[in-house]
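Text of the file data-v9.cif, holding mmCIF, C-alpha atoms; chains and numbers go by the auth columns:
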data_input
loop_
_atom_site.group_PDB
_atom_site.id
_atom_site.type_symbol
_atom_site.label_atom_id
_atom_site.label_comp_id
_atom_site.label_asym_id
_atom_site.label_seq_id
_atom_site.Cartn_x
_atom_site.Cartn_y
_atom_site.Cartn_z
_atom_site.B_iso_or_equiv
_atom_site.auth_seq_id
_atom_site.auth_asym_id
ATOM 1 C CA MET A 1 -2.144 -2.013 19.163 0.00 1 H
ATOM 2 C CA SER A 2 0.135 0.789 18.007 0.00 2 H
ATOM 3 C CA SER A 3 0.275 -0.009 14.323 0.00 3 H
ATOM 4 C CA ILE A 4 -2.227 1.476 11.914 0.00 4 H
ATOM 5 C CA LEU A 5 -4.665 -1.163 10.774 0.00 5 H
ATOM 6 C CA LEU A 6 -6.164 -1.085 7.292 0.00 6 H
ATOM 7 C CA GLY A 7 -9.629 -0.243 8.641 0.00 7 H
ATOM 8 C CA HIS A 8 -8.168 2.542 10.751 0.00 8 H
ATOM 9 C CA TRP A 9 -6.199 3.773 7.735 0.00 9 H
ATOM 10 C CA SER A 10 -9.389 4.245 5.678 0.00 10 H
ATOM 11 C CA GLU A 11 -11.047 6.044 8.599 0.00 11 H
ATOM 12 C CA VAL A 12 -8.104 8.464 8.864 0.00 12 H
ATOM 13 C CA LEU A 13 -8.227 9.009 5.097 0.00 13 H
ATOM 14 C CA TYR A 14 -11.950 9.800 5.255 0.00 14 H
ATOM 15 C CA ARG A 15 -11.506 12.283 8.122 0.00 15 H
ATOM 16 C CA ALA A 16 -8.542 13.933 6.423 0.00 16 H
ATOM 17 C CA SER A 17 -10.348 14.399 3.132 0.00 17 H
ATOM 18 C CA ASN A 18 -13.309 15.983 4.903 0.00 18 H
ATOM 19 C CA ARG A 19 -11.616 18.979 6.607 0.00 19 H
ATOM 20 C CA ALA A 20 -12.890 21.717 4.317 0.00 20 H
ATOM 21 C CA ILE A 21 -13.796 24.940 6.081 0.00 21 H
ATOM 22 C CA THR A 22 -15.441 27.068 3.407 0.00 22 H
ATOM 23 C CA GLN A 23 -18.397 26.039 1.261 0.00 23 H
ATOM 24 C CA GLU A 24 -16.215 26.362 -1.861 0.00 24 H
ATOM 25 C CA ALA A 25 -13.614 23.992 -0.420 0.00 25 H
ATOM 26 C CA GLN A 26 -16.297 21.472 0.539 0.00 26 H
ATOM 27 C CA THR A 27 -17.720 21.600 -2.995 0.00 27 H
ATOM 28 C CA ALA A 28 -14.261 21.241 -4.549 0.00 28 H
ATOM 29 C CA GLY A 29 -13.578 18.216 -2.339 0.00 29 H
ATOM 30 C CA ARG A 30 -16.828 16.551 -3.390 0.00 30 H
ATOM 31 C CA ILE A 31 -16.062 17.219 -7.062 0.00 31 H
ATOM 32 C CA ARG A 32 -12.540 15.805 -6.721 0.00 32 H
ATOM 33 C CA LYS A 33 -13.854 12.696 -4.960 0.00 33 H
ATOM 34 C CA PHE A 34 -16.528 12.218 -7.664 0.00 34 H
ATOM 35 C CA LEU A 35 -14.065 12.696 -10.505 0.00 35 H
ATOM 36 C CA SER A 36 -11.539 10.318 -8.977 0.00 36 H
ATOM 37 C CA GLN A 37 -14.217 7.627 -8.756 0.00 37 H
ATOM 38 C CA ALA A 38 -16.011 8.366 -12.028 0.00 38 H
ATOM 39 C CA THR A 39 -13.098 8.977 -14.361 0.00 39 H
ATOM 40 C CA PRO A 40 -9.879 7.507 -13.052 0.00 40 H
ATOM 41 C CA SER A 41 -6.728 8.899 -14.612 0.00 41 H
ATOM 42 C CA VAL A 42 -3.835 6.495 -14.844 0.00 42 H
ATOM 43 C CA SER A 43 -1.184 9.196 -14.521 0.00 43 H
ATOM 44 C CA ILE A 44 -2.816 11.306 -11.792 0.00 44 H
ATOM 45 C CA ASP A 45 -4.351 8.465 -9.812 0.00 45 H
ATOM 46 C CA GLN A 46 -1.142 6.452 -9.976 0.00 46 H
ATOM 47 C CA VAL A 47 0.911 9.308 -8.487 0.00 47 H
ATOM 48 C CA TYR A 48 -1.731 9.844 -5.786 0.00 48 H
ATOM 49 C CA ALA A 49 -1.830 6.108 -5.020 0.00 49 H
ATOM 50 C CA GLN A 50 1.976 6.040 -4.774 0.00 50 H
ATOM 51 C CA CYS A 51 1.877 8.959 -2.325 0.00 51 H
ATOM 52 C CA LEU A 52 -0.788 7.221 -0.236 0.00 52 H
ATOM 53 C CA GLN A 53 1.316 4.067 -0.183 0.00 53 H
ATOM 54 C CA SER A 54 4.436 6.012 0.831 0.00 54 H
ATOM 55 C CA LEU A 55 2.508 7.794 3.595 0.00 55 H
ATOM 56 C CA HIS A 56 1.151 4.491 4.837 0.00 56 H
ATOM 57 C CA GLU A 57 4.617 2.885 4.855 0.00 57 H
ATOM 58 C CA ALA A 58 6.283 5.853 6.581 0.00 58 H
ATOM 59 C CA SER A 59 3.618 6.127 9.265 0.00 59 H
ATOM 60 C CA GLU A 60 3.510 2.356 9.791 0.00 60 H
ATOM 61 C CA GLU A 61 7.288 2.186 10.205 0.00 61 H
ATOM 62 C CA ALA A 62 7.213 5.033 12.716 0.00 62 H
ATOM 63 C CA SER A 63 4.056 4.031 14.569 0.00 63 H
ATOM 64 C CA ARG A 64 5.726 3.136 17.859 0.00 64 H
ATOM 65 C CA ARG A 65 7.926 5.026 20.281 0.00 65 H
ATOM 66 C CA ASN A 66 11.682 4.636 19.666 0.00 66 H
ATOM 67 C CA TRP A 67 11.092 3.344 16.115 0.00 67 H
ATOM 68 C CA ASP A 68 14.566 4.451 15.045 0.00 68 H
ATOM 69 C CA GLY A 69 16.404 3.050 18.094 0.00 69 H
ATOM 70 C CA TYR A 70 17.362 6.588 19.212 0.00 70 H
ATOM 71 C CA GLY A 71 14.220 7.620 21.108 0.00 71 H
ATOM 72 C CA ALA A 72 12.108 8.826 18.171 0.00 72 H
ATOM 73 C CA GLU A 73 8.516 9.880 18.763 0.00 73 H
ATOM 74 C CA PRO A 74 5.818 7.909 16.937 0.00 74 H
ATOM 75 C CA VAL A 75 3.788 9.372 14.082 0.00 75 H
ATOM 76 C CA SER A 76 0.294 9.933 15.473 0.00 76 H
ATOM 77 C CA SER A 77 -2.955 9.369 13.606 0.00 77 H
ATOM 78 C CA ALA A 78 -3.521 13.151 13.840 0.00 78 H
ATOM 79 C CA THR A 79 -0.209 13.785 12.046 0.00 79 H
ATOM 80 C CA LEU A 80 -1.165 11.237 9.410 0.00 80 H
ATOM 81 C CA ALA A 81 -4.539 12.953 8.934 0.00 81 H
ATOM 82 C CA GLN A 82 -2.794 16.319 8.495 0.00 82 H
ATOM 83 C CA ALA A 83 -0.371 14.786 5.976 0.00 83 H
ATOM 84 C CA LEU A 84 -3.280 13.328 4.009 0.00 84 H
ATOM 85 C CA THR A 85 -4.932 16.734 3.914 0.00 85 H
ATOM 86 C CA PHE A 86 -1.678 18.281 2.699 0.00 86 H
ATOM 87 C CA LEU A 87 -1.447 15.612 0.008 0.00 87 H
ATOM 88 C CA ASP A 88 -4.995 16.413 -1.128 0.00 88 H
ATOM 89 C CA LEU A 89 -4.039 20.080 -1.549 0.00 89 H
ATOM 90 C CA LEU A 90 -1.001 19.409 -3.736 0.00 90 H
ATOM 91 C CA PRO A 91 -1.337 19.979 -7.484 0.00 91 H
ATOM 92 C CA THR A 92 -2.113 16.705 -9.251 0.00 92 H
ATOM 93 C CA THR A 93 0.604 17.384 -11.832 0.00 93 H
ATOM 94 C CA LEU A 94 3.464 17.160 -9.317 0.00 94 H
ATOM 95 C CA PRO A 95 5.799 14.174 -9.342 0.00 95 H
ATOM 96 C CA THR A 96 5.676 11.885 -6.336 0.00 96 H
ATOM 97 C CA PRO A 97 7.628 13.323 -3.387 0.00 97 H
ATOM 98 C CA ASP A 98 9.780 11.223 -1.099 0.00 98 H
ATOM 99 C CA ILE A 99 7.818 10.791 2.122 0.00 99 H
ATOM 100 C CA SER A 100 9.464 9.955 5.424 0.00 100 H
ATOM 101 C CA ALA A 101 8.972 10.177 9.163 0.00 101 H
ATOM 102 C CA HIS A 102 11.095 12.444 11.328 0.00 102 H
ATOM 103 C CA PRO A 103 12.270 11.529 14.841 0.00 103 H
ATOM 104 C CA ASP A 104 10.030 14.261 16.304 0.00 104 H
ATOM 105 C CA GLY A 105 6.903 12.462 15.010 0.00 105 H
ATOM 106 C CA GLU A 106 6.382 14.655 11.947 0.00 106 H
ATOM 107 C CA LEU A 107 5.932 13.442 8.385 0.00 107 H
ATOM 108 C CA ALA A 108 8.017 15.032 5.641 0.00 108 H
ATOM 109 C CA PHE A 109 7.470 15.486 1.903 0.00 109 H
ATOM 110 C CA GLU A 110 10.588 16.103 -0.182 0.00 110 H
ATOM 111 C CA TRP A 111 11.032 17.028 -3.820 0.00 111 H
ATOM 112 C CA SER A 112 14.650 16.915 -4.992 0.00 112 H
ATOM 113 C CA LEU A 113 15.673 17.806 -8.536 0.00 113 H
ATOM 114 C CA GLY A 114 19.433 17.859 -8.099 0.00 114 H
ATOM 115 C CA PRO A 115 21.982 20.241 -6.631 0.00 115 H
ATOM 116 C CA ARG A 116 20.399 23.373 -5.158 0.00 116 H
ATOM 117 C CA ARG A 117 16.897 22.382 -6.313 0.00 117 H
ATOM 118 C CA LEU A 118 15.120 20.982 -3.279 0.00 118 H
ATOM 119 C CA LEU A 119 11.962 21.520 -1.238 0.00 119 H
ATOM 120 C CA THR A 120 11.150 19.802 2.048 0.00 120 H
ATOM 121 C CA VAL A 121 7.868 20.270 3.890 0.00 121 H
ATOM 122 C CA SER A 122 7.219 18.599 7.235 0.00 122 H
ATOM 123 C CA ILE A 123 3.885 18.524 9.032 0.00 123 H
ATOM 124 C CA ASN A 124 2.902 17.858 12.613 0.00 124 H
ATOM 125 C CA GLU A 125 -0.354 16.869 14.281 0.00 125 H
ATOM 126 C CA SER A 126 -1.547 20.471 14.666 0.00 126 H
ATOM 127 C CA GLY A 127 -1.118 21.157 10.942 0.00 127 H
ATOM 128 C CA ARG A 128 2.021 23.254 11.335 0.00 128 H
ATOM 129 C CA LEU A 129 4.043 23.122 8.129 0.00 129 H
ATOM 130 C CA SER A 130 7.778 23.709 8.338 0.00 130 H
ATOM 131 C CA TYR A 131 9.400 24.190 4.958 0.00 131 H
ATOM 132 C CA ALA A 132 12.845 24.785 3.515 0.00 132 H
ATOM 133 C CA ALA A 133 13.837 25.178 -0.121 0.00 133 H
ATOM 134 C CA LEU A 134 16.976 25.679 -2.158 0.00 134 H
ATOM 135 C CA LEU A 135 16.050 27.235 -5.482 0.00 135 H
ATOM 136 C CA GLY A 136 19.354 27.865 -7.227 0.00 136 H
ATOM 137 C CA GLN A 137 21.024 30.598 -5.187 0.00 137 H
ATOM 138 C CA ALA A 138 17.812 31.504 -3.359 0.00 138 H
ATOM 139 C CA ARG A 139 16.793 30.011 -0.036 0.00 139 H
ATOM 140 C CA LEU A 140 13.316 29.929 1.387 0.00 140 H
ATOM 141 C CA ARG A 141 12.260 28.675 4.800 0.00 141 H
ATOM 142 C CA GLY A 142 9.518 29.224 7.298 0.00 142 H
ATOM 143 C CA THR A 143 6.442 27.872 8.989 0.00 143 H
ATOM 144 C CA ASP A 144 2.777 28.121 8.123 0.00 144 H
ATOM 145 C CA PHE A 145 -0.413 26.332 9.023 0.00 145 H
ATOM 146 C CA LEU A 146 -2.516 23.990 6.967 0.00 146 H
ATOM 147 C CA LEU A 147 -6.000 25.307 6.352 0.00 147 H
ATOM 148 C CA ASP A 148 -8.146 24.749 3.274 0.00 148 H
ATOM 149 C CA ALA A 149 -5.562 25.790 0.678 0.00 149 H
ATOM 150 C CA LEU A 150 -1.871 25.201 0.093 0.00 150 H
ATOM 151 C CA PRO A 151 0.039 28.066 1.776 0.00 151 H
ATOM 152 C CA GLU A 152 1.378 30.558 -0.765 0.00 152 H
ATOM 153 C CA PRO A 153 5.091 30.231 0.180 0.00 153 H
ATOM 154 C CA ILE A 154 4.925 26.481 -0.465 0.00 154 H
ATOM 155 C CA SER A 155 3.022 26.996 -3.741 0.00 155 H
ATOM 156 C CA PHE A 156 5.648 29.546 -4.753 0.00 156 H
ATOM 157 C CA ALA A 157 8.501 27.163 -3.929 0.00 157 H
ATOM 158 C CA LEU A 158 6.887 24.343 -5.926 0.00 158 H
ATOM 159 C CA ARG A 159 6.347 26.636 -8.934 0.00 159 H
ATOM 160 C CA LYS A 160 9.969 27.824 -8.810 0.00 160 H
ATOM 161 C CA LEU A 161 11.296 24.306 -8.288 0.00 161 H
ATOM 162 C CA TYR A 162 9.548 22.943 -11.378 0.00 162 H
ATOM 163 C CA ALA A 163 9.704 26.102 -13.547 0.00 163 H
ATOM 164 C CA ALA A 164 13.062 25.178 -15.105 0.00 164 H
ATOM 165 C CA GLN A 165 11.863 21.794 -16.306 0.00 165 H
#
structure tokens encoding of this file:
Amino acid sequence: MSSILLGHWSEVLYRASNRAITQEAQTAGRIRKFLSQATPSVSIDQVYAQCLQSLHEASEEASRRNWDGYGAEPVSSATLAQALTFLDLLPTTLPTPDISAHPDGELAFEWSLGPRRLLTVSINESGRLSYAALLGQARLRGTDFLLDALPEPISFALRKLYAAQ
């Protein structure tokens, strides 16, 4: 069965949230998991839940080959796990990004604040992040890899994107 079942979804979520490499990252992950269960925050948890729902919908829609009718590759469970890890690394104060699947099987996160204020980050199953941003007159683009922290160019782009608000 090519679609992601609810049981499989929770298994992917567990694996994705448990990818810490350093001892500090493992401890931070345990603290975040404890705090999210012990003291739920309506504003933070609601945004996170919305992102999880969007990820689930995007990956479910694109779970089979040719999902767009033009030969698109399916979103793999490995790509979904990488996207969940990326989501866990995002600052909890960020607004919900638009999340979509790309025809090459990647998942994309997009924050758009109007003309020339945009950041798009797409992730593949190996954890490669491709990003592009318009920040006023400045442009930023590149690739990086997902490890145990948000890559600095993406952090920088998010700070610049939301600095004028």
Kindly resolve the PyMOL selection byres ((chain H and resi 141) around 8) on the present coordinates and return the residues as number ranges by chain.
H: 130-133, 139-140, 142-143
Kindly extract all protein, DNA and RNA residues lying within 8 Å of the coordinates (-0.1, 21.6, 9.7) given in the file, considering all atoms listed in the file, and supply them as a list in words.
Gln82, Ala83, Phe86, Ile123, Asn124, Glu125, Ser126, Gly127, Arg128, Leu129, Asp144, Phe145, Leu146 and Leu147 of chain H
For range 60-73 of chain H, find every residue with an atom within 6 Å (counting only C-alpha atoms), except residues of its own chain fewer than 3 positions away, and show them as JSON, numbers by chain.
{"H": [3, 56, 57, 103, 104, 105]}
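When only C-alpha atoms are used to compute distances to Leu94 in chain H, the closest of the residues H:Val47, H:Leu107, H:Ala81, H:Leu113 turns out to be H:Val47.
Of note, CA of Thr96 in chain H and CA of Asp148 in chain H are spaced 21.2 Å apart.
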Please compute the CA of Glu152 in chain H-CA of Leu52 in chain H distance, one decimal, in Å.
23.4 Å
Name the residues, using the chain letters and numbers of the file, that sit within 6 Å of (5.4, 11.1, 13.6) when counting only C-alpha atoms, and give them as an mmCIF file with C-alpha atoms, in the coordinates of the input.
data_model
loop_
_atom_site.group_PDB
_atom_site.id
_atom_site.type_symbol
_atom_site.label_atom_id
_atom_site.label_comp_id
_atom_site.auth_asym_id
_atom_site.auth_seq_id
_atom_site.Cartn_x
_atom_site.Cartn_y
_atom_site.Cartn_z
ATOM 1 C CA PRO H 74 5.818 7.909 16.937
ATOM 2 C CA VAL H 75 3.788 9.372 14.082
ATOM 3 C CA SER H 76 0.294 9.933 15.473
ATOM 4 C CA ALA H 101 8.972 10.177 9.163
ATOM 5 C CA GLY H 105 6.903 12.462 15.010
ATOM 6 C CA GLU H 106 6.382 14.655 11.947
ATOM 7 C CA LEU H 107 5.932 13.442 8.385
#
Can you turn the PyMOL selection byres ((chain H and resi 111) around 9) into a concrete residue list for this file, as a VMD selection string?
chain H and resid 95 to 98 109 to 110 112 to 113 117 to 121 158 161
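Proximity ranking of H:Ala157, H:Leu150, H:Leu87, H:Ala138 relative to Ala49 in chain H places H:Leu87 first, based on only C-alpha atoms.
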Please indicate the distance in Å from CA of Lys160 in chain H to CA of Leu89 in chain H, rounded to one decimal place.
17.6 Å
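The shortest atom-to-atom distance to Gln46 in chain H, with all atoms listed in the file taken into account, belongs to H:Thr93 out of H:Gln137, H:Ser122, H:Thr93, H:Ser100.
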Return as lines of an AutoDock Vina configuration file the box centre and box size in Å, one decimal, for an axis-aligned box around all listed atoms of range 111-126 of chain H padded by 6 Å per side.
center_x = 10.2
center_y = 20.1
center_z = 3.1
size_x = 35.5
size_y = 18.5
size_z = 35.2
